[in-house]
file coords39.pdb (PDB, C-alpha atoms)
MODEL        1
ATOM      1  CA  MET A 426      -1.671  57.112  39.552
ATOM      2  CA  ALA A 427      -2.901  54.548  42.074
ATOM      3  CA  VAL A 428      -6.597  53.927  41.445
ATOM      4  CA  ASN A 429      -8.981  53.292  44.329
ATOM      5  CA  LEU A 430     -12.707  53.359  43.531
ATOM      6  CA  SER A 431     -13.893  51.722  46.752
ATOM      7  CA  GLY A 432     -17.091  53.352  48.000
ATOM      8  CA  ARG A 433     -17.619  55.347  44.780
ATOM      9  CA  SER A 434     -20.842  55.436  42.786
ATOM     10  CA  PHE A 435     -20.790  54.891  39.021
ATOM     11  CA  LEU A 436     -23.326  57.381  37.649
ATOM     12  CA  LYS A 437     -21.701  58.849  34.518
ATOM     13  CA  LEU A 438     -18.267  58.732  32.895
ATOM     14  CA  LEU A 439     -17.894  62.501  33.271
ATOM     15  CA  ASP A 440     -17.195  61.748  36.962
ATOM     16  CA  PHE A 441     -14.177  59.571  36.154
ATOM     17  CA  GLU A 442     -10.636  60.253  35.016
ATOM     18  CA  PRO A 443      -9.231  58.361  31.995
ATOM     19  CA  GLU A 444      -6.914  56.433  34.346
ATOM     20  CA  GLU A 445      -9.904  55.254  36.367
ATOM     21  CA  ILE A 446     -11.773  54.120  33.256
ATOM     22  CA  ARG A 447      -8.597  52.355  32.108
ATOM     23  CA  TYR A 448      -8.430  50.580  35.466
ATOM     24  CA  LEU A 449     -12.020  49.332  35.132
ATOM     25  CA  LEU A 450     -11.315  48.009  31.634
ATOM     26  CA  ASP A 451      -8.213  46.178  32.835
ATOM     27  CA  VAL A 452     -10.119  44.636  35.742
ATOM     28  CA  ALA A 453     -12.859  43.564  33.317
ATOM     29  CA  LYS A 454     -10.258  41.837  31.124
ATOM     30  CA  GLU A 455      -9.030  39.831  34.095
ATOM     31  CA  PHE A 456     -12.563  38.863  35.083
ATOM     32  CA  LYS A 457     -13.275  37.784  31.506
ATOM     33  CA  LYS A 458     -10.264  35.452  31.612
ATOM     34  CA  LEU A 459     -11.452  33.996  34.907
ATOM     35  CA  LYS A 460     -14.967  33.474  33.551
ATOM     36  CA  LEU A 461     -13.829  31.832  30.320
ATOM     37  CA  THR A 462     -11.500  29.457  32.193
ATOM     38  CA  ASN A 463     -14.194  28.571  34.755
ATOM     39  CA  THR A 464     -12.004  29.924  37.552
ATOM     40  CA  PRO A 465     -14.067  30.781  40.672
ATOM     41  CA  HIS A 466     -13.815  34.434  41.755
ATOM     42  CA  LYS A 467     -16.245  34.937  44.628
ATOM     43  CA  TYR A 468     -14.298  37.950  45.866
ATOM     44  CA  LEU A 469     -17.351  39.699  47.334
ATOM     45  CA  GLU A 470     -18.888  36.764  49.186
ATOM     46  CA  GLY A 471     -21.192  37.889  51.982
ATOM     47  CA  LYS A 472     -22.216  41.143  50.303
ATOM     48  CA  ASN A 473     -25.706  41.865  48.950
ATOM     49  CA  VAL A 474     -26.912  44.143  46.163
ATOM     50  CA  ALA A 475     -30.322  45.290  44.920
ATOM     51  CA  LEU A 476     -31.257  46.029  41.303
ATOM     52  CA  LEU A 477     -33.937  48.717  40.881
ATOM     53  CA  PHE A 478     -35.553  48.607  37.435
ATOM     54  CA  GLU A 479     -38.086  51.162  36.210
ATOM     55  CA  LYS A 480     -37.158  50.257  32.601
ATOM     56  CA  THR A 481     -36.950  46.625  31.534
ATOM     57  CA  SER A 482     -33.809  45.159  29.970
ATOM     58  CA  THR A 483     -32.470  41.744  29.032
ATOM     59  CA  ARG A 484     -28.750  42.543  28.989
ATOM     60  CA  THR A 485     -28.568  44.922  31.955
ATOM     61  CA  ARG A 486     -30.512  42.696  34.330
ATOM     62  CA  CYS A 487     -28.769  39.481  33.338
ATOM     63  CA  ALA A 488     -25.328  41.084  33.328
ATOM     64  CA  PHE A 489     -25.778  42.484  36.837
ATOM     65  CA  GLU A 490     -27.312  39.277  38.191
ATOM     66  CA  VAL A 491     -24.700  36.899  36.768
ATOM     67  CA  ALA A 492     -21.861  39.266  37.691
ATOM     68  CA  GLY A 493     -23.185  39.486  41.243
ATOM     69  CA  TYR A 494     -23.552  35.719  41.585
ATOM     70  CA  ASP A 495     -20.076  35.104  40.121
ATOM     71  CA  LEU A 496     -18.643  37.441  42.737
ATOM     72  CA  GLY A 497     -20.443  35.506  45.461
ATOM     73  CA  MET A 498     -23.065  38.124  46.296
ATOM     74  CA  GLY A 499     -26.752  37.895  47.039
ATOM     75  CA  VAL A 500     -28.814  39.725  44.392
ATOM     76  CA  THR A 501     -32.365  41.106  44.765
ATOM     77  CA  PHE A 502     -34.284  42.304  41.692
ATOM     78  CA  LEU A 503     -36.993  44.954  42.190
ATOM     79  CA  ASP A 504     -39.216  46.128  39.338
ATOM     80  CA  PRO A 505     -42.077  48.683  39.554
ATOM     81  CA  THR A 506     -44.511  45.963  40.680
ATOM     82  CA  SER A 507     -42.330  44.882  43.613
ATOM     83  CA  SER A 508     -41.294  48.248  45.020
ATOM     84  CA  GLN A 509     -43.096  51.337  46.304
ATOM     85  CA  MET A 510     -40.277  53.638  45.176
ATOM     86  CA  GLY A 511     -41.724  56.915  43.952
ATOM     87  CA  LYS A 512     -45.335  55.800  44.541
ATOM     88  CA  LYS A 513     -46.084  55.255  48.224
ATOM     89  CA  GLU A 514     -42.524  56.012  49.308
ATOM     90  CA  SER A 515     -40.217  58.794  48.171
ATOM     91  CA  ILE A 516     -36.998  58.109  46.303
ATOM     92  CA  ALA A 517     -35.009  59.475  49.247
ATOM     93  CA  ASP A 518     -36.761  57.273  51.810
ATOM     94  CA  THR A 519     -36.436  54.176  49.649
ATOM     95  CA  ALA A 520     -32.733  54.863  49.157
ATOM     96  CA  ARG A 521     -32.148  55.267  52.895
ATOM     97  CA  VAL A 522     -33.970  52.021  53.660
ATOM     98  CA  LEU A 523     -32.151  50.000  51.016
ATOM     99  CA  GLY A 524     -28.815  51.511  52.003
ATOM    100  CA  ARG A 525     -29.292  49.963  55.469
ATOM    101  CA  MET A 526     -29.849  46.499  53.966
ATOM    102  CA  TYR A 527     -27.624  46.322  50.900
ATOM    103  CA  ASP A 528     -23.958  46.980  50.138
ATOM    104  CA  GLY A 529     -24.669  48.392  46.670
ATOM    105  CA  LEU A 530     -27.605  49.451  44.489
ATOM    106  CA  GLU A 531     -28.202  49.518  40.750
ATOM    107  CA  TYR A 532     -30.808  51.797  39.165
ATOM    108  CA  ARG A 533     -32.171  51.629  35.622
ATOM    109  CA  GLY A 534     -34.886  54.112  34.765
ATOM    110  CA  PHE A 535     -35.669  57.546  33.453
ATOM    111  CA  SER A 536     -34.255  60.571  35.253
ATOM    112  CA  GLN A 537     -30.558  61.054  35.950
ATOM    113  CA  LYS A 538     -31.646  63.037  39.017
ATOM    114  CA  ILE A 539     -33.165  59.891  40.519
ATOM    115  CA  VAL A 540     -29.978  57.828  40.333
ATOM    116  CA  GLU A 541     -28.034  60.772  41.750
ATOM    117  CA  GLU A 542     -30.508  61.119  44.628
ATOM    118  CA  ILE A 543     -30.294  57.397  45.377
ATOM    119  CA  SER A 544     -26.513  57.716  45.500
ATOM    120  CA  GLU A 545     -26.676  60.750  47.761
ATOM    121  CA  LYS A 546     -29.189  59.310  50.227
ATOM    122  CA  SER A 547     -28.348  55.595  50.361
ATOM    123  CA  GLY A 548     -24.792  55.852  51.664
ATOM    124  CA  VAL A 549     -23.647  52.921  49.494
ATOM    125  CA  PRO A 550     -22.202  52.688  45.965
ATOM    126  CA  VAL A 551     -24.869  53.137  43.281
ATOM    127  CA  TRP A 552     -24.491  52.061  39.649
ATOM    128  CA  ASN A 553     -26.347  53.641  36.751
ATOM    129  CA  GLY A 554     -27.812  50.868  34.595
ATOM    130  CA  LEU A 555     -29.307  53.511  32.256
ATOM    131  CA  THR A 556     -31.094  56.846  32.524
ATOM    132  CA  ASP A 557     -32.469  59.184  29.877
ATOM    133  CA  ASP A 558     -29.157  61.067  29.885
ATOM    134  CA  PHE A 559     -26.404  58.470  30.290
ATOM    135  CA  HIS A 560     -25.607  54.760  29.947
ATOM    136  CA  PRO A 561     -22.122  54.379  31.475
ATOM    137  CA  THR A 562     -22.048  50.599  31.971
ATOM    138  CA  GLN A 563     -22.777  50.141  28.250
ATOM    139  CA  MET A 564     -19.783  52.341  27.454
ATOM    140  CA  LEU A 565     -17.326  50.131  29.303
ATOM    141  CA  ALA A 566     -18.559  47.147  27.284
ATOM    142  CA  ASP A 567     -18.220  49.142  24.068
ATOM    143  CA  LEU A 568     -14.697  50.300  24.883
ATOM    144  CA  LEU A 569     -13.633  46.771  25.806
ATOM    145  CA  THR A 570     -15.060  45.406  22.538
ATOM    146  CA  ILE A 571     -13.285  48.070  20.482
ATOM    147  CA  GLU A 572      -9.979  47.389  22.228
ATOM    148  CA  GLU A 573     -10.355  43.645  21.704
ATOM    149  CA  ASN A 574     -10.720  44.217  17.960
ATOM    150  CA  PHE A 575      -8.082  46.909  17.391
ATOM    151  CA  GLY A 576      -5.689  46.499  20.296
ATOM    152  CA  ARG A 577      -6.081  50.153  21.252
ATOM    153  CA  LEU A 578      -8.519  52.970  21.914
ATOM    154  CA  LYS A 579      -6.414  56.061  21.203
ATOM    155  CA  GLY A 580      -6.944  57.360  17.685
ATOM    156  CA  ILE A 581      -9.863  55.067  16.822
ATOM    157  CA  ASN A 582     -12.521  56.797  14.677
ATOM    158  CA  LEU A 583     -16.012  56.085  16.014
ATOM    159  CA  THR A 584     -19.157  57.223  14.186
ATOM    160  CA  PHE A 585     -22.587  57.147  15.801
ATOM    161  CA  MET A 586     -25.466  57.061  13.306
ATOM    162  CA  GLY A 587     -28.951  58.284  14.196
ATOM    163  CA  ASP A 588     -30.524  60.155  17.107
ATOM    164  CA  ALA A 589     -27.495  61.630  18.847
ATOM    165  CA  ARG A 590     -29.519  63.162  21.675
ATOM    166  CA  ASN A 591     -30.071  59.834  23.399
ATOM    167  CA  ASN A 592     -28.257  58.329  26.375
ATOM    168  CA  VAL A 593     -26.048  56.029  24.295
ATOM    169  CA  ALA A 594     -24.853  58.783  21.954
ATOM    170  CA  ASN A 595     -24.254  61.140  24.885
ATOM    171  CA  SER A 596     -22.223  58.519  26.691
ATOM    172  CA  LEU A 597     -20.261  57.488  23.591
ATOM    173  CA  MET A 598     -19.247  61.105  23.078
ATOM    174  CA  VAL A 599     -18.064  61.343  26.703
ATOM    175  CA  ALA A 600     -16.281  57.976  26.584
ATOM    176  CA  SER A 601     -14.532  58.894  23.337
ATOM    177  CA  ALA A 602     -13.370  62.254  24.668
ATOM    178  CA  LYS A 603     -12.056  60.655  27.869
ATOM    179  CA  MET A 604     -10.238  57.780  26.171
ATOM    180  CA  GLY A 605      -8.867  59.479  23.052
ATOM    181  CA  LEU A 606     -11.241  58.237  20.333
ATOM    182  CA  ASN A 607     -12.318  60.577  17.538
ATOM    183  CA  PHE A 608     -16.105  60.781  17.850
ATOM    184  CA  THR A 609     -18.412  61.682  14.968
ATOM    185  CA  CYS A 610     -22.139  62.213  15.370
ATOM    186  CA  CYS A 611     -23.813  61.534  12.012
ATOM    187  CA  GLY A 612     -27.518  62.330  11.859
ATOM    188  CA  PRO A 613     -30.072  65.064  11.145
ATOM    189  CA  LYS A 614     -29.158  68.419  12.682
ATOM    190  CA  GLU A 615     -32.360  68.530  14.733
ATOM    191  CA  LEU A 616     -31.196  65.372  16.506
ATOM    192  CA  PHE A 617     -27.678  66.594  17.330
ATOM    193  CA  PRO A 618     -26.634  66.266  20.991
ATOM    194  CA  ASN A 619     -27.023  68.985  23.600
ATOM    195  CA  GLU A 620     -24.673  71.906  22.836
ATOM    196  CA  LYS A 621     -23.545  72.241  26.446
ATOM    197  CA  LEU A 622     -22.486  68.590  26.553
ATOM    198  CA  VAL A 623     -20.773  68.911  23.159
ATOM    199  CA  ASP A 624     -18.767  71.897  24.416
ATOM    200  CA  GLU A 625     -17.789  70.024  27.594
ATOM    201  CA  CYS A 626     -16.716  66.974  25.588
ATOM    202  CA  ARG A 627     -14.688  69.080  23.155
ATOM    203  CA  LYS A 628     -12.722  70.526  26.069
ATOM    204  CA  ILE A 629     -12.042  67.025  27.403
ATOM    205  CA  ALA A 630     -11.159  65.782  23.899
ATOM    206  CA  ALA A 631      -8.630  68.583  23.460
ATOM    207  CA  GLU A 632      -6.825  67.340  26.583
ATOM    208  CA  ASN A 633      -6.702  63.816  25.146
ATOM    209  CA  ASP A 634      -5.695  64.633  21.545
ATOM    210  CA  CYS A 635      -8.960  63.598  19.921
ATOM    211  CA  THR A 636     -11.910  65.295  18.211
ATOM    212  CA  ILE A 637     -15.684  65.688  18.390
ATOM    213  CA  THR A 638     -17.409  66.172  15.007
ATOM    214  CA  LEU A 639     -21.089  66.743  14.163
ATOM    215  CA  THR A 640     -22.349  66.209  10.606
ATOM    216  CA  ASP A 641     -25.536  65.423   8.726
ATOM    217  CA  ASP A 642     -23.566  64.105   5.732
ATOM    218  CA  VAL A 643     -23.513  60.292   5.746
ATOM    219  CA  LYS A 644     -20.567  59.992   3.349
ATOM    220  CA  LYS A 645     -18.390  62.430   5.305
ATOM    221  CA  GLY A 646     -19.518  61.057   8.652
ATOM    222  CA  THR A 647     -18.618  57.453   7.908
ATOM    223  CA  GLU A 648     -15.489  57.943   5.818
ATOM    224  CA  ASN A 649     -12.428  56.391   7.495
ATOM    225  CA  ALA A 650     -14.513  55.135  10.431
ATOM    226  CA  ASP A 651     -13.147  52.208  12.430
ATOM    227  CA  VAL A 652     -16.400  51.728  14.324
ATOM    228  CA  ILE A 653     -19.933  52.322  13.064
ATOM    229  CA  TYR A 654     -22.403  52.421  15.960
ATOM    230  CA  THR A 655     -26.157  52.873  15.943
ATOM    231  CA  ASP A 656     -29.168  52.535  18.228
ATOM    232  CA  ILE A 657     -32.919  52.122  17.810
ATOM    233  CA  TRP A 658     -34.725  55.090  16.315
ATOM    234  CA  VAL A 659     -37.313  55.518  19.091
ATOM    235  CA  SER A 660     -36.136  55.177  22.683
ATOM    236  CA  MET A 661     -38.024  53.437  25.480
ATOM    237  CA  GLY A 662     -40.552  55.808  27.009
ATOM    238  CA  GLU A 663     -41.149  57.871  23.875
ATOM    239  CA  PRO A 664     -44.752  57.875  22.539
ATOM    240  CA  ASP A 665     -45.759  55.556  19.682
ATOM    241  CA  GLU A 666     -46.867  58.573  17.647
ATOM    242  CA  ILE A 667     -43.210  59.452  17.063
ATOM    243  CA  TRP A 668     -42.501  56.347  14.961
ATOM    244  CA  GLU A 669     -43.801  57.750  11.666
ATOM    245  CA  SER A 670     -41.883  61.042  11.747
ATOM    246  CA  ARG A 671     -38.761  59.497  13.301
ATOM    247  CA  THR A 672     -38.454  56.681  10.739
ATOM    248  CA  LYS A 673     -38.743  59.168   7.890
ATOM    249  CA  LEU A 674     -36.203  61.476   9.489
ATOM    250  CA  LEU A 675     -33.651  58.765  10.272
ATOM    251  CA  SER A 676     -34.032  56.405   7.297
ATOM    252  CA  PRO A 677     -31.161  58.138   5.411
ATOM    253  CA  TYR A 678     -28.926  57.227   8.379
ATOM    254  CA  GLN A 679     -29.601  53.503   8.332
ATOM    255  CA  VAL A 680     -26.435  51.422   8.647
ATOM    256  CA  ASN A 681     -26.267  49.347   5.458
ATOM    257  CA  LYS A 682     -23.591  47.783   3.248
ATOM    258  CA  GLU A 683     -22.911  51.149   1.537
ATOM    259  CA  VAL A 684     -22.223  52.789   4.900
ATOM    260  CA  MET A 685     -19.899  49.973   5.961
ATOM    261  CA  ALA A 686     -18.116  50.059   2.583
ATOM    262  CA  ASN A 687     -17.400  53.759   3.095
ATOM    263  CA  ALA A 688     -15.667  53.010   6.403
ATOM    264  CA  HIS A 689     -12.279  51.327   6.794
ATOM    265  CA  ASP A 690     -11.981  47.801   5.414
ATOM    266  CA  ASP A 691     -11.592  46.390   8.920
ATOM    267  CA  ALA A 692     -14.349  48.529  10.458
ATOM    268  CA  ILE A 693     -16.674  46.891  12.960
ATOM    269  CA  PHE A 694     -20.363  47.420  13.636
ATOM    270  CA  LEU A 695     -21.682  47.910  17.184
ATOM    271  CA  HIS A 696     -25.195  48.244  18.629
ATOM    272  CA  CYS A 697     -26.246  48.308  22.286
ATOM    273  CA  LEU A 698     -29.314  46.133  21.458
ATOM    274  CA  PRO A 699     -32.141  45.343  21.085
ATOM    275  CA  SER A 700     -32.116  45.945  17.339
ATOM    276  CA  PHE A 701     -34.824  46.109  14.692
ATOM    277  CA  HIS A 702     -32.920  44.467  11.846
ATOM    278  CA  ASN A 703     -35.720  42.141  10.672
ATOM    279  CA  LEU A 704     -39.423  41.411  11.190
ATOM    280  CA  GLU A 705     -38.980  38.932  14.038
ATOM    281  CA  THR A 706     -40.247  41.291  16.763
ATOM    282  CA  THR A 707     -43.723  42.607  17.527
ATOM    283  CA  ILE A 708     -42.627  46.217  17.090
ATOM    284  CA  GLY A 709     -40.721  45.398  13.897
ATOM    285  CA  LYS A 710     -43.819  43.825  12.349
ATOM    286  CA  ASP A 711     -45.989  46.731  13.489
ATOM    287  CA  VAL A 712     -43.660  49.344  11.980
ATOM    288  CA  TYR A 713     -43.512  47.386   8.703
ATOM    289  CA  GLU A 714     -47.303  47.178   8.486
ATOM    290  CA  LYS A 715     -47.708  50.897   9.191
ATOM    291  CA  PHE A 716     -44.712  52.454   7.444
ATOM    292  CA  GLY A 717     -43.167  49.789   5.186
ATOM    293  CA  PHE A 718     -39.746  49.433   6.856
ATOM    294  CA  LYS A 719     -38.570  45.793   6.883
ATOM    295  CA  GLU A 720     -35.336  46.891   8.593
ATOM    296  CA  MET A 721     -34.773  50.034  10.582
ATOM    297  CA  GLU A 722     -31.539  51.385  12.095
ATOM    298  CA  VAL A 723     -29.414  48.586  10.589
ATOM    299  CA  THR A 724     -29.954  46.095   7.789
ATOM    300  CA  ASP A 725     -30.011  42.404   8.545
ATOM    301  CA  GLU A 726     -27.104  42.004   6.120
ATOM    302  CA  VAL A 727     -24.851  44.201   8.273
ATOM    303  CA  PHE A 728     -26.193  42.908  11.593
ATOM    304  CA  GLU A 729     -25.380  39.312  10.637
ATOM    305  CA  SER A 730     -22.064  40.112   8.927
ATOM    306  CA  LYS A 731     -18.545  39.290  10.126
ATOM    307  CA  GLN A 732     -18.079  42.989  10.851
ATOM    308  CA  SER A 733     -20.853  42.873  13.437
ATOM    309  CA  LYS A 734     -19.529  42.450  16.984
ATOM    310  CA  VAL A 735     -22.819  43.060  18.765
ATOM    311  CA  PHE A 736     -22.890  39.768  20.666
ATOM    312  CA  ASP A 737     -19.284  40.129  21.844
ATOM    313  CA  GLU A 738     -20.365  43.583  22.985
ATOM    314  CA  ALA A 739     -23.411  42.165  24.785
ATOM    315  CA  GLU A 740     -21.299  39.568  26.584
ATOM    316  CA  ASN A 741     -18.857  42.266  27.642
ATOM    317  CA  ARG A 742     -21.638  43.982  29.587
ATOM    318  CA  MET A 743     -21.271  41.198  32.170
ATOM    319  CA  HIS A 744     -17.479  41.414  32.475
ATOM    320  CA  THR A 745     -17.375  45.208  32.713
ATOM    321  CA  ILE A 746     -20.289  45.424  35.157
ATOM    322  CA  LYS A 747     -18.507  42.852  37.295
ATOM    323  CA  ALA A 748     -15.445  45.110  37.276
ATOM    324  CA  VAL A 749     -17.523  48.120  38.387
ATOM    325  CA  MET A 750     -19.171  46.251  41.253
ATOM    326  CA  TYR A 751     -15.883  44.736  42.412
ATOM    327  CA  ALA A 752     -13.939  48.000  42.220
ATOM    328  CA  THR A 753     -16.547  49.968  44.163
ATOM    329  CA  LEU A 754     -17.381  47.305  46.776
ATOM    330  CA  LYS A 755     -14.015  45.665  47.533
TER
ENDMDL
END
call {"tool": "encode", "arguments": {"input": "coords39.pdb", "output": "structure tokens"}}
result
Amino acid sequence: MAVNLSGRSFLKLLDFEPEEIRYLLDVAKEFKKLKLTNTPHKYLEGKNVALLFEKTSTRTRCAFEVAGYDLGMGVTFLDPTSSQMGKKESIADTARVLGRMYDGLEYRGFSQKIVEEISEKSGVPVWNGLTDDFHPTQMLADLLTIEENFGRLKGINLTFMGDARNNVANSLMVASAKMGLNFTCCGPKELFPNEKLVDECRKIAAENDCTITLTDDVKKGTENADVIYTDIWVSMGEPDEIWESRTKLLSPYQVNKEVMANAHDDAIFLHCLPSFHNLETTIGKDVYEKFGFKEMEVTDEVFESKQSKVFDEAENRMHTIKAVMYATLK
């Protein structure tokens, strides 16, 4: 099928067909080649975009900014201190104002309803940089990284370890179902993903000859895995009081050398970052002093191993975000 995403918003992968996701990955590959060969590609010169951040991020902000500049666009960054969105001005009014000034908008924050309202009211393409429910731009980077390592997506066994209710786990399950990867959620049953989303993903997976599996058994969940993926144990916006109970609940699901040894010999480790794999962060030190964990969701041994592709994955945020902006604004 001929793919044309011009004028579309990128809010969640459930909105996109596998062929459209494939197109974005292929465009990202071409942009990566251009970037690595220092070939100019200011294909969107004269356009302007705004980045709306309610949640901070290193990778998302930098990826959008560099991608925008590489494409020749003007980029404006707005955080909660430099915008009245939701305080003195409604989301709808802000969206309508910005839609008159900018060609595209990115939103990174809390509610999925907010990014959907911005898309509805602004009249320009809107890109979801992360909400509590979904993280679609991260998924494109993950899929590209997996394909770079295995040469394919179909039939790859991907296991997510930890809190499978969060935006990354939700989006990985959707991305896997759409693109033919066998997805396994491995974590405590009380942290399994939403049943409605699981059912929806299983229907999609059946159409694409892949599976969705939920298990609380680490050995079964990681056996024959090609990709072991994890995320931090407490998400941004959750109260500090959760750390004690969450670390105890999720410590059996830490990604360590035993977990990686149970996967395929050529398995890779992925993490959306940031990661608490040592004591070199303020939060890491605080958790160690309170609860005794020197490493949390992944050991430093695994994080720094040859199997770890987390920095390739982080770089790929830029190339895939560039593909999304280009495809929707061209």
call {"tool": "resolve_selection", "arguments": {"input": "coords39.pdb", "expression": "the PyMOL selection byres ((chain A and resi 527) around 9)", "output": "PyMOL selection string"}}
result
chain A and resi 472-475+522-526+528-530+549
call {"tool": "residues_around", "arguments": {"input": "coords39.pdb", "residues": "Glu738 in chain A", "least_positions_apart": "4", "cutoff": "10 Å", "atoms": "only C-alpha atoms", "output": "number ranges by chain"}}
result
A: 563-571, 695-698, 733-734, 742-743
call {"tool": "closest_residue", "arguments": {"input": "coords39.pdb", "among": "A:Ile543, A:Val500, A:Ala748, A:Leu754", "to": "Thr519 in chain A", "atoms": "all atoms listed in the file"}}
result
A:Ile543
call {"tool": "axis_aligned_box", "arguments": {"input": "coords39.pdb", "around": "range 526-543 of chain A", "padding_each_side": "3 Å", "output": "AutoDock Vina command-line options"}}
result
--center_x -29.8 --center_y 54.7 --center_z 43.7 --size_x 17.7 --size_y 22.7 --size_z 26.5
call {"tool": "atom_distance", "arguments": {"input": "coords39.pdb", "atom1": "CA of Asn619 in chain A", "atom2": "CA of Arg590 in chain A"}}
result
6.6 Å
call {"tool": "atom_distance", "arguments": {"input": "coords39.pdb", "atom1": "CA of Cys626 in chain A", "atom2": "CA of Arg486 in chain A"}}
result
29.3 Å
call {"tool": "resolve_selection", "arguments": {"input": "coords39.pdb", "expression": "the PyMOL selection byres ((chain A and resi 632-637) around 7)", "output": "list of chain:residue names"}}
result
A:Gly580, A:Ala602, A:Lys603, A:Gly605, A:Leu606, A:Asn607, A:Phe608, A:Thr609, A:Arg627, A:Lys628, A:Ile629, A:Ala630, A:Ala631, A:Thr638, A:Leu639
call {"tool": "atom_distance", "arguments": {"input": "coords39.pdb", "atom1": "CA of Met685 in chain A", "atom2": "CA of Val652 in chain A"}}
result
9.2 Å
call {"tool": "closest_residue", "arguments": {"input": "coords39.pdb", "among": "A:Leu597, A:Val643, A:Val712, A:Ala692", "to": "Glu669 in chain A", "atoms": "all atoms listed in the file"}}
result
A:Val712
call {"tool": "resolve_selection", "arguments": {"input": "coords39.pdb", "expression": "the PyMOL selection byres ((chain A and resi 449) around 9)", "output": "mmCIF file with C-alpha atoms, keeping the file's coordinate frame"}}
result
data_model
loop_
_atom_site.group_PDB
_atom_site.id
_atom_site.type_symbol
_atom_site.label_atom_id
_atom_site.label_comp_id
_atom_site.auth_asym_id
_atom_site.auth_seq_id
_atom_site.Cartn_x
_atom_site.Cartn_y
_atom_site.Cartn_z
ATOM 1 C CA GLU A 444 -6.914 56.433 34.346
ATOM 2 C CA GLU A 445 -9.904 55.254 36.367
ATOM 3 C CA ILE A 446 -11.773 54.120 33.256
ATOM 4 C CA ARG A 447 -8.597 52.355 32.108
ATOM 5 C CA TYR A 448 -8.430 50.580 35.466
ATOM 6 C CA LEU A 450 -11.315 48.009 31.634
ATOM 7 C CA ASP A 451 -8.213 46.178 32.835
ATOM 8 C CA VAL A 452 -10.119 44.636 35.742
ATOM 9 C CA ALA A 453 -12.859 43.564 33.317
ATOM 10 C CA LYS A 454 -10.258 41.837 31.124
ATOM 11 C CA LEU A 565 -17.326 50.131 29.303
ATOM 12 C CA THR A 745 -17.375 45.208 32.713
ATOM 13 C CA ALA A 748 -15.445 45.110 37.276
ATOM 14 C CA VAL A 749 -17.523 48.120 38.387
ATOM 15 C CA ALA A 752 -13.939 48.000 42.220
#
call {"tool": "residues_around", "arguments": {"input": "coords39.pdb", "residues": "Thr562 in chain A", "least_positions_apart": "6", "cutoff": "10 Å", "atoms": "only C-alpha atoms", "output": "PyMOL selection string"}}
result
chain A and resi 435-438+485+552-555+596+741-743+745-746+749
